[in-house]
file data_19.txt (compact mmCIF, C-alpha atoms)
# COMPACT_ATOMS: atom_id res chain seq x y z
CA MET A 1 0.00 0.00 0.00
CA ALA A 2 1.32 3.41 -0.99
CA VAL A 3 1.56 6.36 1.34
CA PRO A 4 -0.93 9.15 0.56
CA THR A 5 0.25 12.60 -0.46
CA VAL A 6 -1.00 15.99 0.64
CA SER A 7 -0.21 19.65 0.01
CA ALA A 8 -1.84 22.79 1.34
CA SER A 9 -2.00 26.51 0.58
CA LEU A 10 -3.72 29.55 2.09
CA ASN A 11 -5.34 32.32 0.09
CA LYS A 12 -3.14 34.87 1.89
CA SER A 13 -0.31 34.81 4.39
CA THR A 14 -1.43 37.76 6.51
CA PHE A 15 -4.96 38.29 7.78
CA ALA A 16 -6.82 40.92 9.75
CA PRO A 17 -8.76 39.73 12.79
CA GLY A 18 -12.15 38.42 11.74
CA GLU A 19 -11.15 37.99 8.13
CA GLN A 20 -12.11 34.83 6.23
CA MET A 21 -9.23 32.42 5.63
CA LEU A 22 -9.39 29.75 2.93
CA LEU A 23 -7.17 26.66 2.99
CA THR A 24 -6.95 24.57 -0.16
CA VAL A 25 -5.79 20.96 0.38
CA GLN A 26 -4.79 18.74 -2.52
CA TYR A 27 -4.51 15.09 -1.65
CA GLY A 28 -4.27 11.69 -3.29
CA ASP A 29 -3.18 8.10 -2.99
CA THR A 30 -1.47 6.12 -5.74
CA ASP A 31 -3.42 3.09 -4.60
CA ASN A 32 -6.41 4.73 -6.14
CA ASP A 33 -6.74 3.26 -9.60
CA VAL A 34 -9.21 2.76 -12.34
CA VAL A 35 -9.51 -0.86 -13.53
CA THR A 36 -11.14 -1.66 -16.84
CA VAL A 37 -13.07 -4.97 -16.84
CA THR A 38 -14.25 -6.43 -20.10
CA VAL A 39 -17.05 -9.00 -19.85
CA VAL A 40 -17.93 -11.47 -22.57
CA VAL A 41 -20.61 -14.13 -22.17
CA ALA A 42 -20.49 -17.40 -24.13
CA ASP A 43 -23.03 -20.25 -24.17
CA SER A 44 -22.44 -23.98 -24.74
CA GLN A 45 -23.11 -23.62 -28.45
CA GLY A 46 -20.26 -21.18 -28.80
CA ASN A 47 -22.40 -18.09 -29.14
CA VAL A 48 -20.41 -15.17 -27.81
CA SER A 49 -21.86 -11.85 -26.74
CA ASP A 50 -20.47 -8.47 -27.67
CA PRO A 51 -17.94 -7.34 -25.08
CA VAL A 52 -19.15 -5.04 -22.37
CA VAL A 53 -16.54 -2.69 -20.93
CA VAL A 54 -16.91 -1.57 -17.35
CA ASN A 55 -14.64 0.86 -15.50
CA ALA A 56 -14.21 0.19 -11.81
CA ASN A 57 -12.64 2.65 -9.38
CA ILE A 58 -10.46 0.96 -6.84
CA ASN A 59 -10.42 3.43 -3.99
CA ASP A 60 -8.28 3.49 -0.94
CA PRO A 61 -10.26 6.02 1.09
CA VAL A 62 -8.11 8.89 2.35
CA THR A 63 -8.90 10.92 5.40
CA VAL A 64 -7.54 14.48 5.60
CA THR A 65 -6.74 15.96 9.00
CA VAL A 66 -6.28 19.71 9.55
CA THR A 67 -4.89 21.06 12.79
CA ASP A 68 -3.89 24.58 13.75
CA SER A 69 -1.21 25.77 16.17
CA ASP A 70 -3.63 28.51 17.27
CA SER A 71 -6.54 26.12 18.02
CA ARG A 72 -8.35 27.77 15.14
CA VAL A 73 -11.22 25.63 13.87
CA TRP A 74 -11.15 24.78 10.16
CA THR A 75 -14.44 23.77 8.57
CA LYS A 76 -14.64 21.85 5.31
CA GLN A 77 -16.43 23.82 2.62
CA SER A 78 -16.04 21.44 -0.30
CA ASP A 79 -14.30 18.18 -1.23
CA ASN A 80 -14.20 16.46 -4.63
CA GLY A 81 -11.95 13.59 -3.61
CA ALA A 82 -8.76 15.33 -4.72
CA VAL A 83 -9.15 18.92 -3.59
CA ALA A 84 -10.76 20.02 -0.35
CA VAL A 85 -11.32 23.62 0.75
CA TYR A 86 -11.46 24.54 4.43
CA ARG A 87 -12.52 27.85 5.94
CA ALA A 88 -11.60 29.56 9.20
CA VAL A 89 -11.90 33.04 10.64
CA ALA A 90 -8.73 34.93 11.55
CA MET B 1 2.93 33.40 13.51
CA SER B 2 0.54 30.47 13.34
CA THR B 3 0.73 27.21 11.42
CA VAL B 4 -1.83 24.95 9.80
CA ILE B 5 -0.78 21.30 9.63
CA VAL B 6 -2.44 18.99 7.13
CA SER B 7 -2.01 15.27 6.72
CA ALA B 8 -3.76 12.49 4.81
CA ARG B 9 -4.26 8.92 6.02
CA ASP B 10 -5.45 5.95 4.00
CA SER B 11 -7.52 2.92 5.02
CA ALA B 12 -4.46 0.91 5.98
CA GLY B 13 -3.20 3.58 8.31
CA ASN B 14 -0.51 4.92 6.01
CA VAL B 15 -0.03 8.61 6.81
CA SER B 16 1.34 11.18 4.37
CA PRO B 17 4.20 13.51 5.25
CA GLN B 18 2.75 16.61 6.91
CA ALA B 19 2.13 19.71 4.86
CA THR B 20 2.40 22.98 6.79
CA VAL B 21 1.36 26.54 5.94
CA ASN B 22 2.34 29.54 8.04
CA TYR B 23 0.19 32.62 8.44
CA THR B 24 -0.04 35.75 10.56
CA VAL B 25 -3.04 37.51 11.98
CA VAL B 26 -2.22 41.19 12.28
CA ALA B 27 -4.49 43.49 14.19
CA GLN B 28 -5.67 46.35 11.98
CA LYS B 29 -3.82 49.39 13.22
CA VAL B 30 -5.22 52.87 13.26
CA VAL B 31 -2.74 55.73 12.84
CA GLY B 32 -3.05 58.76 15.06
CA GLY B 33 -1.55 62.13 15.81
CA ILE B 34 -2.27 65.72 16.69
CA TYR B 35 -2.50 68.99 14.77
CA PHE B 36 -1.28 72.26 16.29
CA ALA B 37 -2.40 75.71 15.12
CA ASN B 38 -0.87 77.30 12.03
CA ASN B 39 0.58 74.05 10.68
CA ALA B 40 3.09 74.12 13.51
CA ASP B 41 5.96 71.66 13.83
CA VAL B 42 4.52 68.86 15.98
CA ARG B 43 7.86 67.51 17.13
CA PRO B 44 8.49 69.69 20.22
CA ASP B 45 5.29 68.48 21.90
CA THR B 46 5.33 64.90 20.58
CA THR B 47 8.38 63.06 19.29
CA ASN B 48 10.85 65.29 21.17
CA ARG B 49 9.20 64.71 24.55
CA THR B 50 10.56 62.23 27.06
CA PRO B 51 9.19 59.66 26.62
CA PRO B 52 8.16 60.49 23.05
CA ILE B 53 4.54 60.43 21.93
CA ASN B 54 3.97 57.73 19.31
CA ILE B 55 2.88 59.94 16.39
CA THR B 56 1.88 57.90 13.32
CA ALA B 57 -0.16 60.50 11.44
CA LEU B 58 0.27 64.16 10.57
CA GLN B 59 -2.19 66.82 9.44
CA GLN B 60 -1.32 69.93 7.39
CA TYR B 61 -3.36 72.55 5.53
CA ARG B 62 -2.47 74.11 2.19
CA SER B 63 -4.16 76.03 -0.60
CA PHE B 64 -3.91 75.24 -4.29
CA ALA B 65 -2.85 78.88 -4.60
CA ASP B 66 0.24 78.34 -2.43
CA GLY B 67 3.55 77.89 -4.16
CA SER B 68 4.43 74.81 -2.10
CA GLN B 69 1.97 72.16 -0.96
CA TYR B 70 4.45 69.38 -0.31
CA PRO B 71 6.33 69.67 1.87
CA GLY B 72 5.19 73.29 2.24
CA TYR B 73 7.02 76.56 2.73
CA GLN B 74 9.81 76.07 5.30
CA LYS B 75 8.41 72.64 6.26
CA THR B 76 11.69 70.75 6.06
CA TRP B 77 10.69 68.76 9.15
CA ILE B 78 7.90 66.96 7.27
CA PRO B 79 9.72 64.75 4.71
CA PRO B 80 11.82 62.93 7.37
CA MET B 81 8.62 62.09 9.26
CA VAL B 82 6.99 60.75 6.08
CA GLN B 83 10.18 58.81 5.40
CA ASN B 84 9.93 57.31 8.89
CA GLY B 85 6.44 55.98 8.23
CA VAL B 86 4.27 58.80 9.53
CA TRP B 87 1.20 59.05 7.28
CA LEU B 88 0.69 62.64 6.14
CA ASN B 89 -2.84 63.89 5.52
CA LEU B 90 -2.40 66.98 3.38
CA VAL B 91 -5.46 69.17 3.01
CA VAL B 92 -5.36 71.10 -0.27
CA GLU B 93 -8.06 73.74 -0.51
CA LEU B 94 -9.57 75.71 -3.35
CA LYS B 95 -9.76 78.54 -0.82
CA HIS B 96 -6.91 81.01 -0.59
CA TYR B 97 -4.87 80.87 2.59
CA GLY B 98 -3.32 84.28 2.17
CA ALA B 99 -1.65 83.94 -1.22
CA ALA B 100 -1.68 87.07 -3.38
CA ASP B 101 -4.96 87.63 -5.25
CA ALA B 102 -3.26 87.68 -8.61
CA VAL B 103 -2.77 85.82 -11.86
CA GLN B 104 -0.08 83.16 -11.51
CA ASN B 105 2.25 82.43 -14.43
CA PHE B 106 4.66 79.51 -14.07
CA THR B 107 6.07 76.43 -15.76
CA ILE B 108 5.75 72.88 -14.41
CA GLU B 109 7.59 69.93 -15.97
CA GLY B 110 8.01 71.88 -19.18
CA LYS B 111 4.41 73.10 -19.44
CA SER B 112 3.60 76.80 -19.15
CA TYR B 113 0.48 77.86 -17.30
CA SER B 114 -1.37 81.08 -16.62
CA VAL B 115 -3.85 80.60 -13.79
CA PRO B 116 -6.43 83.38 -13.37
CA ARG B 117 -7.40 85.05 -10.12
CA PRO B 118 -9.92 83.11 -8.03
CA ASN B 119 -13.45 84.21 -8.90
CA GLY B 120 -15.30 82.73 -5.92
CA ARG B 121 -16.30 83.42 -2.36
CA THR B 122 -17.54 80.97 0.24
CA ARG B 123 -20.41 82.27 2.31
CA LEU B 124 -19.36 80.91 5.69
CA THR B 125 -15.79 79.73 6.04
CA LEU B 126 -13.00 82.14 6.78
CA ASP B 127 -15.42 85.07 6.55
CA ASN B 128 -16.29 84.85 2.89
CA ALA B 129 -12.97 83.39 1.88
CA LEU B 130 -11.56 83.99 -1.54
CA THR B 131 -11.75 80.72 -3.43
CA PHE B 132 -11.35 79.28 -6.88
CA GLY B 133 -14.84 78.79 -8.26
CA TYR B 134 -15.90 75.23 -8.98
CA GLU B 135 -16.47 76.16 -12.61
CA GLN B 136 -12.91 77.51 -12.84
CA VAL B 137 -11.83 74.00 -11.83
CA TRP B 138 -13.87 71.94 -14.27
CA THR B 139 -13.15 74.29 -17.17
CA GLY B 140 -9.44 73.68 -16.71
CA LYS B 141 -8.50 77.14 -15.46
CA ILE B 142 -6.49 75.80 -12.51
CA ASP B 143 -4.90 72.81 -14.29
CA GLY B 144 -1.53 74.40 -13.63
CA LEU B 145 -2.15 74.34 -9.88
CA ILE B 146 -3.18 70.67 -10.01
CA HIS B 147 -0.06 69.91 -12.05
CA ARG B 148 2.08 71.87 -9.58
CA LEU B 149 0.69 69.78 -6.69
CA LEU B 150 1.27 66.57 -8.64
CA SER B 151 4.85 67.51 -9.47
CA GLN B 152 5.64 68.27 -5.81
CA LEU B 153 4.21 64.92 -4.73
CA ARG B 154 6.82 63.17 -6.86
CA SER B 155 9.33 63.82 -4.07
CA ILE B 156 7.42 61.50 -1.68
CA PRO B 157 9.97 59.24 0.04
CA THR B 158 9.90 55.62 -1.10
CA GLY B 159 7.43 53.72 1.03
CA GLY B 160 5.92 56.95 2.39
CA ARG B 161 2.22 57.68 2.46
CA ILE B 162 0.47 60.98 1.72
CA ASN B 163 -3.28 61.39 1.48
CA ILE B 164 -4.44 64.46 -0.42
CA GLN B 165 -7.65 65.73 1.16
CA LEU B 166 -9.51 67.87 -1.37
CA ALA B 167 -11.37 70.52 0.66
CA SER B 168 -11.09 70.77 4.41
CA GLU B 169 -14.87 70.64 4.77
CA VAL B 170 -16.85 70.83 1.55
CA ASP B 171 -20.07 71.22 3.52
CA THR B 172 -18.71 74.19 5.45
CA ASP B 173 -17.68 75.79 2.15
CA ASN B 174 -21.19 75.41 0.72
CA ALA B 175 -23.42 75.89 3.76
CA ASN B 176 -25.03 79.11 5.00
CA GLY B 177 -26.07 80.41 1.62
CA GLY B 178 -23.93 78.45 -0.81
CA VAL B 179 -21.09 79.94 -2.79
CA ILE B 180 -20.58 82.91 -5.07
CA GLU B 181 -18.81 82.32 -8.35
CA ASN B 182 -18.12 85.09 -10.80
CA GLY B 183 -20.74 87.23 -9.07
CA VAL B 184 -23.46 84.56 -9.21
CA THR B 185 -24.79 83.08 -5.95
CA TYR B 186 -25.47 79.35 -5.92
CA THR B 187 -27.57 77.74 -3.20
CA ARG B 188 -26.04 75.13 -0.97
CA GLU B 189 -27.70 72.35 -2.95
CA GLN B 190 -26.40 73.78 -6.22
CA ALA B 191 -22.97 74.35 -4.69
CA ASP B 192 -22.79 70.72 -3.52
CA LEU B 193 -23.39 69.44 -7.04
CA ARG B 194 -20.87 71.91 -8.45
CA ALA B 195 -18.35 70.78 -5.82
CA VAL B 196 -18.79 67.14 -6.84
CA GLN B 197 -18.16 68.07 -10.47
CA ALA B 198 -15.04 70.04 -9.53
CA TYR B 199 -13.55 67.39 -7.23
CA LYS B 200 -14.23 64.66 -9.77
CA TYR B 201 -12.31 66.78 -12.27
CA ILE B 202 -9.30 67.16 -9.93
CA ALA B 203 -9.27 63.46 -8.97
CA GLN B 204 -9.52 62.42 -12.64
CA TRP B 205 -6.76 64.84 -13.56
CA LEU B 206 -4.42 63.55 -10.86
CA ARG B 207 -5.10 59.92 -11.73
CA ASN B 208 -5.01 60.34 -15.50
CA PRO B 209 -3.18 63.58 -16.26
CA PRO B 210 -3.38 64.87 -19.84
CA GLY B 211 -0.60 65.15 -22.38
CA GLY B 212 1.87 62.53 -21.18
CA ILE B 213 2.24 63.90 -17.63
CA ALA B 214 3.14 61.07 -15.27
CA PRO B 215 0.30 60.16 -12.86
CA LEU B 216 0.32 60.15 -9.06
CA PRO B 217 3.31 58.35 -7.53
CA ASN B 218 2.85 55.28 -5.35
CA GLY B 219 1.84 56.08 -1.81
CA VAL B 220 -0.38 59.04 -2.67
CA THR B 221 -4.12 58.64 -2.11
CA LEU B 222 -7.14 60.94 -2.42
CA SER B 223 -10.13 61.91 -0.29
CA MET B 224 -12.53 64.83 0.11
CA GLY B 225 -13.16 66.41 3.52
CA TYR B 226 -16.53 66.74 5.21
CA ALA B 227 -17.35 68.39 8.54
CA GLY B 228 -20.35 66.23 9.39
CA GLN B 229 -22.74 66.53 12.30
CA TRP B 230 -24.21 70.01 12.17
CA SER B 231 -24.41 70.18 8.38
CA GLY B 232 -26.65 67.18 8.02
CA ILE B 233 -26.95 63.87 6.23
CA ASP B 234 -28.62 65.24 3.09
CA GLY B 235 -25.58 67.26 2.12
CA PHE B 236 -23.36 64.29 2.97
CA LYS B 237 -25.24 62.06 0.56
CA ARG B 238 -25.36 64.81 -2.08
CA THR B 239 -21.59 65.26 -1.97
CA HIS B 240 -20.71 61.54 -1.90
CA PRO B 241 -22.17 60.01 -5.09
CA GLU B 242 -20.71 56.73 -6.26
CA ASP B 243 -19.04 58.23 -9.35
CA LEU B 244 -17.01 60.53 -7.09
CA MET B 245 -16.35 57.82 -4.49
CA SER B 246 -14.98 55.56 -7.22
CA LEU B 247 -12.25 58.19 -7.77
CA LEU B 248 -11.46 58.64 -4.06
CA ASP B 249 -9.64 56.19 -1.81
CA TYR B 250 -11.23 57.14 1.51
CA VAL B 251 -14.35 58.57 3.08
CA HIS B 252 -13.24 61.59 5.07
CA CYS B 253 -15.20 63.09 7.95
CA ASN B 254 -14.44 65.25 10.99
CA THR B 255 -16.11 64.84 14.36
CA TYR B 256 -16.21 67.20 17.33
CA ASN B 257 -17.63 66.61 20.78
CA HIS B 258 -18.41 70.28 20.87
CA SER B 259 -22.10 71.11 20.81
CA ALA B 260 -23.30 68.31 23.10
CA ASN B 261 -21.41 65.96 25.38
CA TRP B 262 -21.39 62.48 23.86
CA THR B 263 -18.98 59.58 24.29
CA ALA B 264 -16.16 59.13 21.81
CA GLU B 265 -17.86 55.94 20.62
CA ALA B 266 -21.12 57.78 19.96
CA ARG B 267 -19.32 60.51 18.00
CA PHE B 268 -17.39 58.10 15.78
CA ARG B 269 -20.47 55.89 15.46
CA GLU B 270 -22.30 58.79 13.86
CA ILE B 271 -19.76 58.73 11.02
CA LYS B 272 -20.21 54.98 10.64
CA ASP B 273 -23.99 55.38 10.52
CA TRP B 274 -23.79 58.14 7.93
CA ILE B 275 -21.51 56.16 5.65
CA ALA B 276 -23.97 53.26 5.90
CA GLN B 277 -26.32 55.40 3.81
CA LEU B 278 -23.86 55.72 0.92
CA GLY B 279 -23.65 53.34 -2.03
CA PRO B 280 -21.53 50.19 -2.05
CA ILE B 281 -18.35 51.96 -3.18
CA GLY B 282 -18.69 54.62 -0.48
CA ARG B 283 -19.38 51.99 2.17
CA SER B 284 -16.34 49.97 1.12
CA ARG B 285 -13.91 52.86 1.55
CA ASN B 286 -11.77 53.05 4.68
CA ILE B 287 -12.42 56.08 6.85
CA ILE B 288 -10.11 58.97 7.72
CA VAL B 289 -10.94 61.33 10.58
CA SER B 290 -8.23 63.96 10.40
CA GLU B 291 -9.93 66.37 12.82
CA PHE B 292 -11.54 65.36 16.08
CA GLY B 293 -11.73 67.01 19.47
CA SER B 294 -13.76 67.57 22.59
CA ASN B 295 -14.78 70.54 24.69
CA ALA B 296 -12.30 70.93 27.57
CA SER B 297 -15.11 71.83 29.99
CA TYR B 298 -16.96 68.54 29.46
CA THR B 299 -16.70 65.55 31.78
CA PRO B 300 -14.48 63.68 31.33
CA ASN B 301 -11.84 66.21 30.32
CA GLN B 302 -10.07 66.05 26.95
CA ALA B 303 -7.56 63.46 28.16
CA GLY B 304 -10.44 61.36 29.50
CA TYR B 305 -12.18 61.62 26.15
CA MET B 306 -9.00 60.43 24.41
CA ASP B 307 -8.92 57.51 26.84
CA GLN B 308 -12.27 56.37 25.40
CA VAL B 309 -11.04 56.37 21.82
CA PRO B 310 -9.01 53.12 21.48
CA ALA B 311 -11.88 50.94 22.74
CA ALA B 312 -14.32 52.86 20.54
CA MET B 313 -12.10 52.27 17.50
CA ASN B 314 -11.79 48.55 18.24
CA LYS B 315 -15.52 48.16 18.73
CA LEU B 316 -16.55 50.12 15.66
CA ASN B 317 -13.91 48.50 13.45
CA ASP B 318 -15.06 45.05 14.59
CA GLU B 319 -18.60 46.01 13.58
CA LEU B 320 -17.43 47.41 10.25
CA LEU B 321 -15.40 44.27 9.58
CA ALA B 322 -18.41 42.08 10.30
CA ALA B 323 -20.45 44.22 7.91
CA GLN B 324 -17.68 43.90 5.26
CA ARG B 325 -17.30 47.67 5.17
CA GLY B 326 -14.35 50.04 5.20
CA LYS B 327 -12.76 50.67 8.60
CA PHE B 328 -11.40 53.66 10.49
CA VAL B 329 -7.71 53.94 9.60
CA MET B 330 -6.65 57.41 10.80
CA THR B 331 -7.72 59.76 13.59
CA ILE B 332 -5.97 63.07 14.34
CA TRP B 333 -6.76 65.28 17.30
CA PHE B 334 -7.36 68.93 16.36
CA GLY B 335 -5.28 70.79 18.95
CA SER B 336 -6.26 74.20 17.64
CA ASN B 337 -9.02 76.83 17.46
CA ASN B 338 -10.16 77.13 21.09
CA ASP B 339 -10.65 74.64 23.90
CA THR B 340 -14.30 74.00 23.08
CA TRP B 341 -13.01 72.39 19.86
CA GLY B 342 -9.71 70.69 20.64
CA LEU B 343 -7.10 73.17 21.83
CA LEU B 344 -5.57 71.24 24.73
CA ASN B 345 -6.50 72.70 28.12
CA PRO B 346 -4.72 71.95 30.36
CA LYS B 347 -2.08 71.27 27.73
CA GLU B 348 0.14 68.89 29.70
CA GLN B 349 -2.83 66.78 30.81
CA GLY B 350 -3.99 66.63 27.20
CA LEU B 351 -0.57 65.57 25.92
CA GLN B 352 -0.46 62.79 28.49
CA GLY B 353 -3.90 61.67 27.32
CA LEU B 354 -2.64 61.72 23.73
CA GLN B 355 0.34 59.62 24.75
CA ARG B 356 -1.88 57.01 26.48
CA MET B 357 -4.23 56.89 23.49
CA LEU B 358 -1.45 56.37 20.97
CA ASP B 359 0.24 53.74 23.17
CA THR B 360 -2.95 51.64 23.24
CA PRO B 361 -4.08 49.23 20.49
CA PRO B 362 -5.29 49.72 17.80
CA TYR B 363 -2.85 52.67 17.67
CA THR B 364 0.24 50.62 18.48
call {"tool": "encode", "arguments": {"input": "data_19.txt", "output": "structure tokens"}}
result
Amino acid sequence: MAVPTVSASLNKSTFAPGEQMLLTVQYGDTDNDVVTVTVVVADSQGNVSDPVVVNANINDPVTVTVTDSDSRVWTKQSDNGAVAVYRAVA
Amino acid sequence: MSTVIVSARDSAGNVSPQATVNYTVVAQKVVGGIYFANNADVRPDTTNRTPPINITALQQYRSFADGSQYPGYQKTWIPPMVQNGVWLNLVVELKHYGAADAVQNFTIEGKSYSVPRPNGRTRLTLDNALTFGYEQVWTGKIDGLIHRLLSQLRSIPTGGRINIQLASEVDTDNANGGVIENGVTYTREQADLRAVQAYKYIAQWLRNPPGGIAPLPNGVTLSMGYAGQWSGIDGFKRTHPEDLMSLLDYVHCNTYNHSANWTAEARFREIKDWIAQLGPIGRSRNIIVSEFGSNASYTPNQAGYMDQVPAAMNKLNDELLAAQRGKFVMTIWFGSNNDTWGLLNPKEQGLQGLQRMLDTPPYT
């Protein structure tokens, strides 16, 4: 099993008190893969069906953890499986 | 400095290397200072005291008719302060401040100008002060004076900040019977609209000068002064339309605890409430208060009033931040006129109050 990867960036480096802060987290795991399965059905008389191609996602679920040295609470705003955006208030 | 730490963990318990991002939360500072009568050198009573008073803003008054706006005639003490990070608010008036009532012929950056005599009078300020008429402005008659100001601002020290305040108080200029231009009297309402047209012209000129003249240098911003309070909200709205506010960097309003004894928070809150009635551009602009003061005979005394100001600034700026509006960024005590306005009385007590105020967040 591969080790996941993660990177993070903030929308700014300096904030005024009360200002919205946005943290963008990009993450992934090389264990995640897409497998293509091709299915063909044949009967005893040798009749063979057309192939059916199915894509299967093999997912190793990844959990992202965000902590803050200032005990600031980060709330997830969105997550598409590769990029997650968190929000906090300065 | 604070740090966000992010990690990712898969189903088997494999954990990624940590990613870290550093950030800083900086309290929004407000700059502050004091003005002394006749554009006096502030250093003897502030930075040269022991311990020094933490001056971060400076107020000066000039006329477009004057030969030198920046730094001003015999004002060699100003550029070093600007260089050291003191934010200069420079009022530049259409009113004459004692310059000769005469045609001015001069050359600026290779362009020759002949500026006519001012053809206006204000009805209230400075006892019917001689002033360039608004129409003289928007018909280009004082372009040379605008260019002269612009050329002098090019000597701003790198990293320095100068705000040009057009008009000390446009409402005071236009109130009590409006203005007279070229012998014609215009009502206050008419004068307000003429003022907007004139100040739009100046702001446009400074931002986009004609004929290949270089525009305003970095660090120079623009505002237009308003007295507030006694002159009423209608005039405030009339003189702050969005097309003018889009050309100005700040909303600019004075506030005096002079006619009735309010708290500092209540006085500054009035400005906040007025600006709430402007359009979205006006509301988004940060706020400069380059004249404020309190009657020395009120309780608390002037120093006690100054003691109220830091908490008032923090509270109001928190509210403005929550409302996603512009915040107070500069407040300057008006230590002039008489002690019902802001002349310090007793002076030493007032200076100690000023020192406490400027040593308290958000001023430090």
call {"tool": "closest_residue", "arguments": {"input": "data_19.txt", "among": "B:Gly219, B:Pro17, B:Gly279, B:Pro80", "to": "chain A", "atoms": "all atoms listed in the file"}}
result
B:Pro17
call {"tool": "atom_distance", "arguments": {"input": "data_19.txt", "atom1": "atom CA of Trp87 of chain B", "atom2": "atom CA of Ala296 of chain B"}}
result
27.1 Å
call {"tool": "atom_distance", "arguments": {"input": "data_19.txt", "atom1": "atom CA of Ser155 of chain B", "atom2": "atom CA of Thr331 of chain B"}}
result
24.9 Å
call {"tool": "residues_around", "arguments": {"input": "data_19.txt", "residues": "Thr67 of chain A", "least_positions_apart": "2", "cutoff": "7 Å", "atoms": "all atoms listed in the file", "output": "MDAnalysis selection string"}}
result
(chainID A and resid 65 69) or (chainID B and resid 4:6)
call {"tool": "atom_distance", "arguments": {"input": "data_19.txt", "atom1": "atom CA of Phe292 of chain B", "atom2": "atom CA of Leu206 of chain B"}}
result
27.9 Å
call {"tool": "residues_around", "arguments": {"input": "data_19.txt", "residues": "Arg87 of chain A", "least_positions_apart": "5", "cutoff": "9 Å", "atoms": "all atoms listed in the file", "output": "PDB file with C-alpha atoms, keeping the file's coordinate frame"}}
result
ATOM      1  CA  GLN A  20     -12.110  34.830   6.230  1.00  0.00           C
ATOM      2  CA  MET A  21      -9.230  32.420   5.630  1.00  0.00           C
ATOM      3  CA  LEU A  22      -9.390  29.750   2.930  1.00  0.00           C
ATOM      4  CA  LEU A  23      -7.170  26.660   2.990  1.00  0.00           C
ATOM      5  CA  THR A  24      -6.950  24.570  -0.160  1.00  0.00           C
ATOM      6  CA  VAL A  73     -11.220  25.630  13.870  1.00  0.00           C
ATOM      7  CA  TRP A  74     -11.150  24.780  10.160  1.00  0.00           C
ATOM      8  CA  THR A  75     -14.440  23.770   8.570  1.00  0.00           C
ATOM      9  CA  LYS A  76     -14.640  21.850   5.310  1.00  0.00           C
ATOM     10  CA  GLN A  77     -16.430  23.820   2.620  1.00  0.00           C
TER      11      GLN A  77
END
call {"tool": "interface_residues", "arguments": {"input": "data_19.txt", "of": "chain A", "to": "chain B", "cutoff": "9 Å", "atoms": "all atoms listed in the file", "output": "MDAnalysis selection string"}}
result
chainID A and resid 1:10 12:19 23 25 27:29 60:70 72 90
call {"tool": "residues_around", "arguments": {"input": "data_19.txt", "residues": "segment 135-137 of chain B", "least_positions_apart": "4", "cutoff": "6 Å", "atoms": "only C-alpha atoms", "output": "count of residues only"}}
result
3
call {"tool": "closest_residue", "arguments": {"input": "data_19.txt", "among": "B:Asn261, B:Asn337, B:Gln355, B:Ser231", "to": "Asn38 of chain B", "atoms": "only C-alpha atoms"}}
result
B:Asn337
